[in-house]
Each structure stands twice: as structure tokens, then as C-alpha cells.
Amino acid sequence: MPYRTVAESAEREREIRGSRFRARVAPLATPEDATALVAAARADHPDATHHVSAWRFGEAMGADDDGEPGGTSGRPMLEVLLKRDLDRTAIVCVRWFGGTRLGAGGLVRAYAGTAAMALDAAGTRTVHATTRLRIRVGYAHVDLLTRLLADRAHVRAAPPGFDAAGAYVDAEVRTDDREAVERAVVDATHGAAQVDDAPLDAPL
């Protein structure tokens, strides 16, 4: 299934009643990357009062108030992720306390609002699941196959390869487009192409 995440990492900062808030957002390749994002923020800003975080990776998610009153910081940032339907995304917001207490409602608005600013700056993209194929054809069809794959959207193909069994092309296609790609390849080669899953160690 496709999912939406941030298009790139981004940071935004603002000051509220003397306190500075700086939010950093990033896409996640693994759930552990969320922990790494927080660790990087702590290393970059060791003088900050709080390093609040929220993340979502599929059905797994988490939020940490890092010493702020419970439910006033990490959870509101997570709610921003959920309302925007963003997956595989993490946010860390660091705060330098400026001496004036903001109250529970003020903290919720400060953290959620700063996180939203960073998410706006990062933009979004939709990621589709992909499948890697190995398409075997006769030598006479190699050029035809490479042109056909190059003309199709959402297909990434490697240069042709050759082994004892003949010629082949490895390609990465959207999983939901696999059947259409297979049908196009078989039709174009008049049934001569053989389509299988590519070996796991096949470079692309």
C-alpha cells in the first residue's frame, strides 16, 4: 500500500514569550531512525531545556514529552502527524526555556504549531511499494525491451545483462503496476519474454 511521508528533512524555529522552539522533521527508513534523530538534536543543542519528540512508522508510533508536563508536547506533535496522515516520519522539537511559563494550552500550541511549520517546509510525497523483476528475452528483443521499459512511468531499469541462459533486464516497478508491466512486455515480444522476481542480490 502507498503511504505519505515528508519529502525531505526540514527545520523551523520561532520564539514564544521568551522561549525558543526549533522543530526538525525527517522521513524514516526504520523506526530506529527516530531515536537517531533525537540523539542528533541532543548533540546539536545540548544547552536546550527539552528535546520533545514524536514519530510514526506504520502501526507503531511514539511520543516523548522529555520533562514537559504530560500530554502537552510530544502527544500534540504526534496528533499533527496523524491528522496529516503522515507515515514513516519523525519530529523532534527542542526548547530553550525563556523564563515565562506558557501553561498547558500554551505548550500544546507552541509544540504543535512549531512542528506544523517544519512539516509545511518539508513538503510531502507519496511512496509506493515496489517489486524487482528479471525479464528474460532473446537477443533480438533486448533493444525493444529497454525502450519499452524506458517509456513507462514508475519503472527503473538496469542496463541489459547476459549470462549462460541469455539476455535479461532487471527492473524495479510499482507493485500495483507489476501485472500491467508483465502484460506489456509479453505482448511486445509476442510471448517470448519470461518475467520472474529478480534475485535479491541483483544490482539496480
# chains A, B, ... in the order shown; residues from 1 in each chain; ligands from 1
>>> select_by_dssp(residues="range 80-199 of chain A", states="strand (DSSP E or B)", output="PDB file with all heavy atoms, in the first residue's frame")
ATOM      1  N   THR A  89       7.626   9.065   9.558  1.00  0.00           N
ATOM      2  CA  THR A  89       8.037  10.450   9.773  1.00  0.00           C
ATOM      3  C   THR A  89       8.303  10.667  11.258  1.00  0.00           C
ATOM      4  O   THR A  89       7.600  10.125  12.101  1.00  0.00           O
ATOM      5  CB  THR A  89       6.934  11.416   9.305  1.00  0.00           C
ATOM      6  OG1 THR A  89       6.619  11.165   7.937  1.00  0.00           O
ATOM      7  CG2 THR A  89       7.376  12.864   9.454  1.00  0.00           C
ATOM      8  N   ALA A  90       9.326  11.470  11.547  1.00  0.00           N
ATOM      9  CA  ALA A  90       9.640  11.808  12.940  1.00  0.00           C
ATOM     10  C   ALA A  90       9.802  13.311  13.086  1.00  0.00           C
ATOM     11  O   ALA A  90      10.203  14.009  12.145  1.00  0.00           O
ATOM     12  CB  ALA A  90      10.918  11.108  13.389  1.00  0.00           C
ATOM     13  N   ILE A  91       9.485  13.797  14.287  1.00  0.00           N
ATOM     14  CA  ILE A  91       9.662  15.206  14.635  1.00  0.00           C
ATOM     15  C   ILE A  91      10.379  15.275  15.970  1.00  0.00           C
ATOM     16  O   ILE A  91      10.054  14.530  16.896  1.00  0.00           O
ATOM     17  CB  ILE A  91       8.308  15.937  14.799  1.00  0.00           C
ATOM     18  CG1 ILE A  91       7.373  15.692  13.631  1.00  0.00           C
ATOM     19  CG2 ILE A  91       8.528  17.431  15.018  1.00  0.00           C
ATOM     20  CD1 ILE A  91       5.945  16.176  13.885  1.00  0.00           C
ATOM     21  N   VAL A  92      11.347  16.167  16.074  1.00  0.00           N
ATOM     22  CA  VAL A  92      11.924  16.495  17.377  1.00  0.00           C
ATOM     23  C   VAL A  92      11.884  18.012  17.497  1.00  0.00           C
ATOM     24  O   VAL A  92      12.253  18.727  16.558  1.00  0.00           O
ATOM     25  CB  VAL A  92      13.356  15.944  17.539  1.00  0.00           C
ATOM     26  CG1 VAL A  92      14.297  16.463  16.470  1.00  0.00           C
ATOM     27  CG2 VAL A  92      13.894  16.277  18.926  1.00  0.00           C
ATOM     28  N   CYS A  93      11.391  18.493  18.617  1.00  0.00           N
ATOM     29  CA  CYS A  93      11.304  19.930  18.842  1.00  0.00           C
ATOM     30  C   CYS A  93      12.071  20.263  20.111  1.00  0.00           C
ATOM     31  O   CYS A  93      11.732  19.765  21.200  1.00  0.00           O
ATOM     32  CB  CYS A  93       9.845  20.378  18.958  1.00  0.00           C
ATOM     33  SG  CYS A  93       9.640  22.182  19.032  1.00  0.00           S
ATOM     34  N   VAL A  94      13.099  21.072  19.978  1.00  0.00           N
ATOM     35  CA  VAL A  94      13.893  21.464  21.144  1.00  0.00           C
ATOM     36  C   VAL A  94      13.402  22.824  21.638  1.00  0.00           C
ATOM     37  O   VAL A  94      12.970  23.673  20.861  1.00  0.00           O
ATOM     38  CB  VAL A  94      15.400  21.509  20.824  1.00  0.00           C
ATOM     39  CG1 VAL A  94      15.900  20.141  20.403  1.00  0.00           C
ATOM     40  CG2 VAL A  94      15.703  22.520  19.730  1.00  0.00           C
ATOM     41  N   ARG A  95      13.456  22.989  22.948  1.00  0.00           N
ATOM     42  CA  ARG A  95      13.013  24.241  23.571  1.00  0.00           C
ATOM     43  C   ARG A  95      14.089  24.778  24.487  1.00  0.00           C
ATOM     44  O   ARG A  95      14.681  24.032  25.273  1.00  0.00           O
ATOM     45  CB  ARG A  95      11.727  24.021  24.369  1.00  0.00           C
ATOM     46  CG  ARG A  95      11.226  25.282  25.071  1.00  0.00           C
ATOM     47  CD  ARG A  95      10.164  24.973  26.103  1.00  0.00           C
ATOM     48  NE  ARG A  95       9.623  26.197  26.692  1.00  0.00           N
ATOM     49  CZ  ARG A  95       8.811  26.230  27.742  1.00  0.00           C
ATOM     50  NH1 ARG A  95       8.429  25.093  28.320  1.00  0.00           N
ATOM     51  NH2 ARG A  95       8.368  27.384  28.224  1.00  0.00           N
ATOM     52  N   TRP A  96      14.319  26.071  24.353  1.00  0.00           N
ATOM     53  CA  TRP A  96      15.145  26.792  25.297  1.00  0.00           C
ATOM     54  C   TRP A  96      14.199  27.644  26.147  1.00  0.00           C
ATOM     55  O   TRP A  96      13.570  28.581  25.636  1.00  0.00           O
ATOM     56  CB  TRP A  96      16.150  27.692  24.584  1.00  0.00           C
ATOM     57  CG  TRP A  96      17.221  26.953  23.845  1.00  0.00           C
ATOM     58  CD1 TRP A  96      18.474  26.645  24.300  1.00  0.00           C
ATOM     59  CD2 TRP A  96      17.168  26.471  22.491  1.00  0.00           C
ATOM     60  NE1 TRP A  96      19.198  25.994  23.334  1.00  0.00           N
ATOM     61  CE2 TRP A  96      18.412  25.866  22.206  1.00  0.00           C
ATOM     62  CE3 TRP A  96      16.196  26.468  21.500  1.00  0.00           C
ATOM     63  CZ2 TRP A  96      18.712  25.295  20.980  1.00  0.00           C
ATOM     64  CZ3 TRP A  96      16.482  25.905  20.266  1.00  0.00           C
ATOM     65  CH2 TRP A  96      17.729  25.315  20.021  1.00  0.00           C
ATOM     66  N   THR A 124       5.426  17.016   1.228  1.00  0.00           N
ATOM     67  CA  THR A 124       5.068  15.604   1.314  1.00  0.00           C
ATOM     68  C   THR A 124       5.290  14.900  -0.017  1.00  0.00           C
ATOM     69  O   THR A 124       5.367  15.537  -1.066  1.00  0.00           O
ATOM     70  CB  THR A 124       3.591  15.419   1.722  1.00  0.00           C
ATOM     71  OG1 THR A 124       2.744  16.007   0.712  1.00  0.00           O
ATOM     72  CG2 THR A 124       3.313  16.064   3.061  1.00  0.00           C
ATOM     73  N   ARG A 125       5.394  13.595   0.052  1.00  0.00           N
ATOM     74  CA  ARG A 125       5.471  12.756  -1.137  1.00  0.00           C
ATOM     75  C   ARG A 125       4.779  11.435  -0.837  1.00  0.00           C
ATOM     76  O   ARG A 125       4.686  11.015   0.325  1.00  0.00           O
ATOM     77  CB  ARG A 125       6.914  12.514  -1.568  1.00  0.00           C
ATOM     78  CG  ARG A 125       7.747  11.711  -0.590  1.00  0.00           C
ATOM     79  CD  ARG A 125       9.211  11.672  -0.990  1.00  0.00           C
ATOM     80  NE  ARG A 125      10.012  10.926  -0.025  1.00  0.00           N
ATOM     81  CZ  ARG A 125      10.441   9.684  -0.206  1.00  0.00           C
ATOM     82  NH1 ARG A 125      10.160   9.037  -1.337  1.00  0.00           N
ATOM     83  NH2 ARG A 125      11.172   9.067   0.693  1.00  0.00           N
ATOM     84  N   THR A 126       4.288  10.806  -1.884  1.00  0.00           N
ATOM     85  CA  THR A 126       3.648   9.504  -1.750  1.00  0.00           C
ATOM     86  C   THR A 126       4.622   8.424  -2.189  1.00  0.00           C
ATOM     87  O   THR A 126       5.215   8.522  -3.270  1.00  0.00           O
ATOM     88  CB  THR A 126       2.362   9.436  -2.597  1.00  0.00           C
ATOM     89  OG1 THR A 126       1.458  10.451  -2.146  1.00  0.00           O
ATOM     90  CG2 THR A 126       1.698   8.078  -2.460  1.00  0.00           C
ATOM     91  N   VAL A 127       4.811   7.431  -1.362  1.00  0.00           N
ATOM     92  CA  VAL A 127       5.745   6.340  -1.635  1.00  0.00           C
ATOM     93  C   VAL A 127       4.939   5.076  -1.919  1.00  0.00           C
ATOM     94  O   VAL A 127       4.056   4.711  -1.141  1.00  0.00           O
ATOM     95  CB  VAL A 127       6.697   6.105  -0.443  1.00  0.00           C
ATOM     96  CG1 VAL A 127       7.653   4.955  -0.740  1.00  0.00           C
ATOM     97  CG2 VAL A 127       7.462   7.382  -0.130  1.00  0.00           C
ATOM     98  N   THR A 130       7.370  -1.290  -4.144  1.00  0.00           N
ATOM     99  CA  THR A 130       7.947  -1.681  -5.425  1.00  0.00           C
ATOM    100  C   THR A 130       8.346  -3.152  -5.431  1.00  0.00           C
ATOM    101  O   THR A 130       8.535  -3.760  -4.367  1.00  0.00           O
ATOM    102  CB  THR A 130       9.188  -0.832  -5.774  1.00  0.00           C
ATOM    103  OG1 THR A 130      10.185  -0.998  -4.751  1.00  0.00           O
ATOM    104  CG2 THR A 130       8.823   0.645  -5.891  1.00  0.00           C
ATOM    105  N   THR A 131       8.469  -3.693  -6.623  1.00  0.00           N
ATOM    106  CA  THR A 131       8.873  -5.074  -6.844  1.00  0.00           C
ATOM    107  C   THR A 131       9.986  -5.069  -7.877  1.00  0.00           C
ATOM    108  O   THR A 131       9.948  -4.300  -8.844  1.00  0.00           O
ATOM    109  CB  THR A 131       7.691  -5.921  -7.358  1.00  0.00           C
ATOM    110  OG1 THR A 131       6.644  -5.894  -6.396  1.00  0.00           O
ATOM    111  CG2 THR A 131       8.118  -7.362  -7.603  1.00  0.00           C
ATOM    112  N   ARG A 132      10.972  -5.945  -7.681  1.00  0.00           N
ATOM    113  CA  ARG A 132      12.070  -6.034  -8.641  1.00  0.00           C
ATOM    114  C   ARG A 132      11.883  -7.276  -9.508  1.00  0.00           C
ATOM    115  O   ARG A 132      11.658  -8.367  -9.003  1.00  0.00           O
ATOM    116  CB  ARG A 132      13.409  -6.059  -7.909  1.00  0.00           C
ATOM    117  CG  ARG A 132      13.630  -4.787  -7.106  1.00  0.00           C
ATOM    118  CD  ARG A 132      14.945  -4.792  -6.386  1.00  0.00           C
ATOM    119  NE  ARG A 132      16.044  -4.716  -7.325  1.00  0.00           N
ATOM    120  CZ  ARG A 132      17.332  -4.681  -6.946  1.00  0.00           C
ATOM    121  NH1 ARG A 132      17.646  -4.722  -5.678  1.00  0.00           N
ATOM    122  NH2 ARG A 132      18.279  -4.615  -7.844  1.00  0.00           N
ATOM    123  N   LEU A 133      11.954  -7.073 -10.809  1.00  0.00           N
ATOM    124  CA  LEU A 133      11.732  -8.143 -11.773  1.00  0.00           C
ATOM    125  C   LEU A 133      12.982  -8.424 -12.577  1.00  0.00           C
ATOM    126  O   LEU A 133      13.808  -7.534 -12.803  1.00  0.00           O
ATOM    127  CB  LEU A 133      10.611  -7.748 -12.751  1.00  0.00           C
ATOM    128  CG  LEU A 133       9.261  -7.351 -12.150  1.00  0.00           C
ATOM    129  CD1 LEU A 133       8.312  -6.927 -13.260  1.00  0.00           C
ATOM    130  CD2 LEU A 133       8.681  -8.499 -11.342  1.00  0.00           C
ATOM    131  N   ARG A 134      13.114  -9.664 -13.023  1.00  0.00           N
ATOM    132  CA  ARG A 134      14.123 -10.026 -14.025  1.00  0.00           C
ATOM    133  C   ARG A 134      13.367 -10.499 -15.256  1.00  0.00           C
ATOM    134  O   ARG A 134      12.601 -11.463 -15.185  1.00  0.00           O
ATOM    135  CB  ARG A 134      15.074 -11.094 -13.520  1.00  0.00           C
ATOM    136  CG  ARG A 134      16.029 -11.617 -14.605  1.00  0.00           C
ATOM    137  CD  ARG A 134      17.273 -12.257 -14.029  1.00  0.00           C
ATOM    138  NE  ARG A 134      18.130 -11.259 -13.413  1.00  0.00           N
ATOM    139  CZ  ARG A 134      19.327 -11.542 -12.863  1.00  0.00           C
ATOM    140  NH1 ARG A 134      19.760 -12.793 -12.847  1.00  0.00           N
ATOM    141  NH2 ARG A 134      20.060 -10.578 -12.321  1.00  0.00           N
ATOM    142  N   ILE A 135      13.564  -9.789 -16.341  1.00  0.00           N
ATOM    143  CA  ILE A 135      12.845 -10.070 -17.585  1.00  0.00           C
ATOM    144  C   ILE A 135      13.831 -10.651 -18.588  1.00  0.00           C
ATOM    145  O   ILE A 135      14.796  -9.993 -18.991  1.00  0.00           O
ATOM    146  CB  ILE A 135      12.212  -8.787 -18.156  1.00  0.00           C
ATOM    147  CG1 ILE A 135      11.341  -8.123 -17.086  1.00  0.00           C
ATOM    148  CG2 ILE A 135      11.396  -9.105 -19.399  1.00  0.00           C
ATOM    149  CD1 ILE A 135      10.902  -6.719 -17.445  1.00  0.00           C
ATOM    150  N   ARG A 136      13.607 -11.898 -18.967  1.00  0.00           N
ATOM    151  CA  ARG A 136      14.484 -12.573 -19.916  1.00  0.00           C
ATOM    152  C   ARG A 136      13.866 -12.517 -21.314  1.00  0.00           C
ATOM    153  O   ARG A 136      12.661 -12.777 -21.486  1.00  0.00           O
ATOM    154  CB  ARG A 136      14.702 -14.025 -19.522  1.00  0.00           C
ATOM    155  CG  ARG A 136      15.555 -14.179 -18.273  1.00  0.00           C
ATOM    156  CD  ARG A 136      16.040 -15.606 -18.079  1.00  0.00           C
ATOM    157  NE  ARG A 136      16.976 -15.701 -16.972  1.00  0.00           N
ATOM    158  CZ  ARG A 136      18.275 -15.443 -17.083  1.00  0.00           C
ATOM    159  NH1 ARG A 136      18.783 -15.088 -18.262  1.00  0.00           N
ATOM    160  NH2 ARG A 136      19.063 -15.547 -16.026  1.00  0.00           N
ATOM    161  N   VAL A 137      14.690 -12.158 -22.275  1.00  0.00           N
ATOM    162  CA  VAL A 137      14.243 -12.101 -23.673  1.00  0.00           C
ATOM    163  C   VAL A 137      15.355 -12.635 -24.564  1.00  0.00           C
ATOM    164  O   VAL A 137      16.515 -12.745 -24.148  1.00  0.00           O
ATOM    165  CB  VAL A 137      13.898 -10.657 -24.099  1.00  0.00           C
ATOM    166  CG1 VAL A 137      12.688 -10.140 -23.343  1.00  0.00           C
ATOM    167  CG2 VAL A 137      15.093  -9.727 -23.887  1.00  0.00           C
ATOM    168  N   VAL A 155       8.944   3.087 -13.716  1.00  0.00           N
ATOM    169  CA  VAL A 155       9.784   1.908 -13.919  1.00  0.00           C
ATOM    170  C   VAL A 155      11.235   2.357 -13.951  1.00  0.00           C
ATOM    171  O   VAL A 155      11.584   3.308 -14.649  1.00  0.00           O
ATOM    172  CB  VAL A 155       9.441   1.167 -15.225  1.00  0.00           C
ATOM    173  CG1 VAL A 155      10.454   0.042 -15.488  1.00  0.00           C
ATOM    174  CG2 VAL A 155       8.026   0.601 -15.160  1.00  0.00           C
ATOM    175  N   ARG A 156      12.066   1.677 -13.192  1.00  0.00           N
ATOM    176  CA  ARG A 156      13.509   1.943 -13.203  1.00  0.00           C
ATOM    177  C   ARG A 156      14.208   0.670 -13.643  1.00  0.00           C
ATOM    178  O   ARG A 156      14.068  -0.374 -12.997  1.00  0.00           O
ATOM    179  CB  ARG A 156      13.973   2.356 -11.804  1.00  0.00           C
ATOM    180  CG  ARG A 156      15.419   2.838 -11.738  1.00  0.00           C
ATOM    181  CD  ARG A 156      15.664   3.547 -10.418  1.00  0.00           C
ATOM    182  NE  ARG A 156      15.527   2.650  -9.277  1.00  0.00           N
ATOM    183  CZ  ARG A 156      16.562   2.056  -8.675  1.00  0.00           C
ATOM    184  NH1 ARG A 156      17.801   2.234  -9.118  1.00  0.00           N
ATOM    185  NH2 ARG A 156      16.355   1.278  -7.631  1.00  0.00           N
ATOM    186  N   ALA A 157      14.941   0.735 -14.750  1.00  0.00           N
ATOM    187  CA  ALA A 157      15.551  -0.475 -15.323  1.00  0.00           C
ATOM    188  C   ALA A 157      17.069  -0.356 -15.364  1.00  0.00           C
ATOM    189  O   ALA A 157      17.619   0.723 -15.599  1.00  0.00           O
ATOM    190  CB  ALA A 157      15.016  -0.713 -16.733  1.00  0.00           C
ATOM    191  N   GLY A 161      21.730  -7.347 -19.120  1.00  0.00           N
ATOM    192  CA  GLY A 161      22.772  -8.254 -18.667  1.00  0.00           C
ATOM    193  C   GLY A 161      22.736  -9.532 -19.489  1.00  0.00           C
ATOM    194  O   GLY A 161      21.748  -9.822 -20.171  1.00  0.00           O
ATOM    195  N   PHE A 162      23.800 -10.279 -19.420  1.00  0.00           N
ATOM    196  CA  PHE A 162      23.900 -11.506 -20.208  1.00  0.00           C
ATOM    197  C   PHE A 162      24.533 -12.592 -19.342  1.00  0.00           C
ATOM    198  O   PHE A 162      25.481 -12.340 -18.599  1.00  0.00           O
ATOM    199  CB  PHE A 162      24.736 -11.281 -21.474  1.00  0.00           C
ATOM    200  CG  PHE A 162      24.225 -10.162 -22.336  1.00  0.00           C
ATOM    201  CD1 PHE A 162      24.691  -8.861 -22.161  1.00  0.00           C
ATOM    202  CD2 PHE A 162      23.261 -10.397 -23.300  1.00  0.00           C
ATOM    203  CE1 PHE A 162      24.210  -7.822 -22.948  1.00  0.00           C
ATOM    204  CE2 PHE A 162      22.770  -9.370 -24.089  1.00  0.00           C
ATOM    205  CZ  PHE A 162      23.245  -8.083 -23.911  1.00  0.00           C
ATOM    206  N   ASP A 163      23.970 -13.791 -19.410  1.00  0.00           N
ATOM    207  CA  ASP A 163      24.530 -14.925 -18.703  1.00  0.00           C
ATOM    208  C   ASP A 163      24.358 -16.170 -19.564  1.00  0.00           C
ATOM    209  O   ASP A 163      23.988 -16.063 -20.750  1.00  0.00           O
ATOM    210  CB  ASP A 163      23.897 -15.092 -17.316  1.00  0.00           C
ATOM    211  CG  ASP A 163      22.381 -15.311 -17.376  1.00  0.00           C
ATOM    212  OD1 ASP A 163      21.860 -15.667 -18.464  1.00  0.00           O
ATOM    213  OD2 ASP A 163      21.723 -15.129 -16.346  1.00  0.00           O
ATOM    214  N   GLY A 166      21.133 -16.465 -21.432  1.00  0.00           N
ATOM    215  CA  GLY A 166      20.777 -15.482 -22.454  1.00  0.00           C
ATOM    216  C   GLY A 166      20.748 -14.067 -21.912  1.00  0.00           C
ATOM    217  O   GLY A 166      21.446 -13.741 -20.961  1.00  0.00           O
ATOM    218  N   ALA A 167      19.916 -13.220 -22.513  1.00  0.00           N
ATOM    219  CA  ALA A 167      19.838 -11.805 -22.149  1.00  0.00           C
ATOM    220  C   ALA A 167      18.713 -11.563 -21.146  1.00  0.00           C
ATOM    221  O   ALA A 167      17.706 -12.264 -21.142  1.00  0.00           O
ATOM    222  CB  ALA A 167      19.596 -10.961 -23.395  1.00  0.00           C
ATOM    223  N   TYR A 168      18.904 -10.551 -20.303  1.00  0.00           N
ATOM    224  CA  TYR A 168      17.873 -10.197 -19.336  1.00  0.00           C
ATOM    225  C   TYR A 168      18.009  -8.717 -18.970  1.00  0.00           C
ATOM    226  O   TYR A 168      19.069  -8.106 -19.159  1.00  0.00           O
ATOM    227  CB  TYR A 168      17.964 -11.051 -18.073  1.00  0.00           C
ATOM    228  CG  TYR A 168      19.244 -10.848 -17.281  1.00  0.00           C
ATOM    229  CD1 TYR A 168      19.341  -9.860 -16.309  1.00  0.00           C
ATOM    230  CD2 TYR A 168      20.362 -11.651 -17.510  1.00  0.00           C
ATOM    231  CE1 TYR A 168      20.506  -9.664 -15.588  1.00  0.00           C
ATOM    232  CE2 TYR A 168      21.523 -11.477 -16.802  1.00  0.00           C
ATOM    233  CZ  TYR A 168      21.598 -10.481 -15.836  1.00  0.00           C
ATOM    234  OH  TYR A 168      22.756 -10.292 -15.133  1.00  0.00           O
ATOM    235  N   VAL A 169      16.930  -8.167 -18.430  1.00  0.00           N
ATOM    236  CA  VAL A 169      16.926  -6.813 -17.890  1.00  0.00           C
ATOM    237  C   VAL A 169      16.263  -6.866 -16.515  1.00  0.00           C
ATOM    238  O   VAL A 169      15.168  -7.409 -16.375  1.00  0.00           O
ATOM    239  CB  VAL A 169      16.171  -5.829 -18.803  1.00  0.00           C
ATOM    240  CG1 VAL A 169      16.037  -4.463 -18.126  1.00  0.00           C
ATOM    241  CG2 VAL A 169      16.867  -5.688 -20.152  1.00  0.00           C
ATOM    242  N   ASP A 170      16.947  -6.318 -15.505  1.00  0.00           N
ATOM    243  CA  ASP A 170      16.359  -6.196 -14.174  1.00  0.00           C
ATOM    244  C   ASP A 170      15.665  -4.843 -14.071  1.00  0.00           C
ATOM    245  O   ASP A 170      16.213  -3.817 -14.501  1.00  0.00           O
ATOM    246  CB  ASP A 170      17.430  -6.299 -13.089  1.00  0.00           C
ATOM    247  CG  ASP A 170      17.985  -7.708 -12.973  1.00  0.00           C
ATOM    248  OD1 ASP A 170      17.257  -8.657 -13.319  1.00  0.00           O
ATOM    249  OD2 ASP A 170      19.146  -7.861 -12.546  1.00  0.00           O
ATOM    250  N   ALA A 171      14.461  -4.840 -13.520  1.00  0.00           N
ATOM    251  CA  ALA A 171      13.690  -3.602 -13.426  1.00  0.00           C
ATOM    252  C   ALA A 171      12.959  -3.537 -12.097  1.00  0.00           C
ATOM    253  O   ALA A 171      12.540  -4.557 -11.541  1.00  0.00           O
ATOM    254  CB  ALA A 171      12.693  -3.511 -14.572  1.00  0.00           C
ATOM    255  N   GLU A 172      12.815  -2.320 -11.591  1.00  0.00           N
ATOM    256  CA  GLU A 172      12.028  -2.075 -10.383  1.00  0.00           C
ATOM    257  C   GLU A 172      10.734  -1.394 -10.807  1.00  0.00           C
ATOM    258  O   GLU A 172      10.762  -0.353 -11.471  1.00  0.00           O
ATOM    259  CB  GLU A 172      12.795  -1.189  -9.406  1.00  0.00           C
ATOM    260  CG  GLU A 172      12.081  -0.977  -8.084  1.00  0.00           C
ATOM    261  CD  GLU A 172      12.924  -0.148  -7.131  1.00  0.00           C
ATOM    262  OE1 GLU A 172      13.235   1.011  -7.467  1.00  0.00           O
ATOM    263  OE2 GLU A 172      13.268  -0.661  -6.054  1.00  0.00           O
ATOM    264  N   VAL A 173       9.607  -1.979 -10.434  1.00  0.00           N
ATOM    265  CA  VAL A 173       8.299  -1.447 -10.825  1.00  0.00           C
ATOM    266  C   VAL A 173       7.430  -1.290  -9.586  1.00  0.00           C
ATOM    267  O   VAL A 173       7.665  -1.933  -8.568  1.00  0.00           O
ATOM    268  CB  VAL A 173       7.592  -2.376 -11.850  1.00  0.00           C
ATOM    269  CG1 VAL A 173       8.493  -2.647 -13.045  1.00  0.00           C
ATOM    270  CG2 VAL A 173       7.170  -3.688 -11.196  1.00  0.00           C
ATOM    271  N   ARG A 174       6.446  -0.421  -9.679  1.00  0.00           N
ATOM    272  CA  ARG A 174       5.485  -0.333  -8.601  1.00  0.00           C
ATOM    273  C   ARG A 174       4.733  -1.651  -8.495  1.00  0.00           C
ATOM    274  O   ARG A 174       4.327  -2.229  -9.502  1.00  0.00           O
ATOM    275  CB  ARG A 174       4.498   0.808  -8.859  1.00  0.00           C
ATOM    276  CG  ARG A 174       5.042   2.121  -8.396  1.00  0.00           C
ATOM    277  CD  ARG A 174       4.163   3.310  -8.616  1.00  0.00           C
ATOM    278  NE  ARG A 174       2.729   3.076  -8.724  1.00  0.00           N
ATOM    279  CZ  ARG A 174       1.857   4.057  -8.938  1.00  0.00           C
ATOM    280  NH1 ARG A 174       2.287   5.305  -9.062  1.00  0.00           N
ATOM    281  NH2 ARG A 174       0.576   3.801  -9.042  1.00  0.00           N
ATOM    282  N   GLN A 194      10.156 -13.850 -20.558  1.00  0.00           N
ATOM    283  CA  GLN A 194       9.900 -14.588 -19.321  1.00  0.00           C
ATOM    284  C   GLN A 194      10.135 -13.637 -18.158  1.00  0.00           C
ATOM    285  O   GLN A 194      11.224 -13.066 -18.026  1.00  0.00           O
ATOM    286  CB  GLN A 194      10.824 -15.791 -19.205  1.00  0.00           C
ATOM    287  CG  GLN A 194      10.678 -16.564 -17.894  1.00  0.00           C
ATOM    288  CD  GLN A 194      11.689 -17.689 -17.770  1.00  0.00           C
ATOM    289  OE1 GLN A 194      12.181 -18.215 -18.774  1.00  0.00           O
ATOM    290  NE2 GLN A 194      11.997 -18.062 -16.527  1.00  0.00           N
ATOM    291  N   VAL A 195       9.138 -13.441 -17.311  1.00  0.00           N
ATOM    292  CA  VAL A 195       9.225 -12.477 -16.216  1.00  0.00           C
ATOM    293  C   VAL A 195       9.193 -13.211 -14.877  1.00  0.00           C
ATOM    294  O   VAL A 195       8.272 -13.978 -14.597  1.00  0.00           O
ATOM    295  CB  VAL A 195       8.064 -11.464 -16.278  1.00  0.00           C
ATOM    296  CG1 VAL A 195       8.224 -10.411 -15.181  1.00  0.00           C
ATOM    297  CG2 VAL A 195       7.987 -10.804 -17.653  1.00  0.00           C
ATOM    298  N   ASP A 196      10.209 -12.978 -14.049  1.00  0.00           N
ATOM    299  CA  ASP A 196      10.307 -13.571 -12.718  1.00  0.00           C
ATOM    300  C   ASP A 196      10.755 -12.505 -11.733  1.00  0.00           C
ATOM    301  O   ASP A 196      11.161 -11.401 -12.126  1.00  0.00           O
ATOM    302  CB  ASP A 196      11.315 -14.727 -12.706  1.00  0.00           C
ATOM    303  CG  ASP A 196      10.890 -15.871 -13.618  1.00  0.00           C
ATOM    304  OD1 ASP A 196       9.825 -16.461 -13.353  1.00  0.00           O
ATOM    305  OD2 ASP A 196      11.618 -16.159 -14.587  1.00  0.00           O
ATOM    306  N   ASP A 197      10.710 -12.825 -10.445  1.00  0.00           N
ATOM    307  CA  ASP A 197      11.293 -11.935  -9.448  1.00  0.00           C
ATOM    308  C   ASP A 197      12.805 -11.901  -9.635  1.00  0.00           C
ATOM    309  O   ASP A 197      13.427 -12.931  -9.907  1.00  0.00           O
ATOM    310  CB  ASP A 197      10.974 -12.429  -8.035  1.00  0.00           C
ATOM    311  CG  ASP A 197       9.492 -12.283  -7.697  1.00  0.00           C
ATOM    312  OD1 ASP A 197       8.832 -11.416  -8.294  1.00  0.00           O
ATOM    313  OD2 ASP A 197       9.025 -13.038  -6.833  1.00  0.00           O
TER     314      ASP A 197
END
>>> residues_around(residues="Thr189 in chain A", least_positions_apart="2", cutoff="10 Å", atoms="only C-alpha atoms", output="list in words")
Val137, Gly138, Ala140, His141, Val142, Leu144, Leu145, Ala184, Val185, Val186, Asp187, Gly191, Ala192, Ala193 and Gln194 of chain A
>>> write_last_selection(atoms="C-alpha atoms", output="PDB file, in the first residue's frame")
ATOM      1  CA  VAL A 137      14.243 -12.101 -23.673  1.00  0.00           C
ATOM      2  CA  GLY A 138      16.021 -13.282 -26.774  1.00  0.00           C
ATOM      3  CA  ALA A 140      16.667  -9.815 -30.847  1.00  0.00           C
ATOM      4  CA  HIS A 141      14.274  -8.283 -28.307  1.00  0.00           C
ATOM      5  CA  VAL A 142      16.777  -6.578 -25.990  1.00  0.00           C
ATOM      6  CA  LEU A 144      12.752  -3.374 -27.804  1.00  0.00           C
ATOM      7  CA  LEU A 145      12.550  -4.267 -24.120  1.00  0.00           C
ATOM      8  CA  ALA A 184       3.037  -5.139 -21.903  1.00  0.00           C
ATOM      9  CA  VAL A 185       6.374  -6.968 -22.061  1.00  0.00           C
ATOM     10  CA  VAL A 186       4.816 -10.284 -23.073  1.00  0.00           C
ATOM     11  CA  ASP A 187       2.625  -8.630 -25.708  1.00  0.00           C
ATOM     12  CA  GLY A 191       5.065 -14.132 -25.710  1.00  0.00           C
ATOM     13  CA  ALA A 192       8.817 -14.617 -25.909  1.00  0.00           C
ATOM     14  CA  ALA A 193       9.628 -12.783 -22.645  1.00  0.00           C
ATOM     15  CA  GLN A 194       9.900 -14.588 -19.321  1.00  0.00           C
TER      16      GLN A 194
END
>>> residues_around(residues="Val80 in chain A", least_positions_apart="2", cutoff="8 Å", atoms="only C-alpha atoms", output="list in words")
Pro76, Met77, Leu78, Leu82, Lys83, Arg84, Ala112, Ala115 and Ala116 of chain A
>>> write_last_selection(atoms="C-alpha atoms", output="short mmCIF file (atom, residue, chain, number, x, y, z; two decimals), in the first residue's frame")
data_model
loop_
_atom_site.label_atom_id
_atom_site.label_comp_id
_atom_site.auth_asym_id
_atom_site.auth_seq_id
_atom_site.Cartn_x
_atom_site.Cartn_y
_atom_site.Cartn_z
CA PRO A 76 0.25 17.11 20.34
CA MET A 77 3.07 16.75 17.80
CA LEU A 78 2.05 13.14 17.16
CA LEU A 82 -1.84 11.65 12.45
CA LYS A 83 -4.13 14.44 11.25
CA ARG A 84 -1.94 14.89 8.17
CA ALA A 112 2.16 21.51 17.70
CA ALA A 115 6.02 21.06 14.32
CA ALA A 116 3.41 22.07 11.73
#
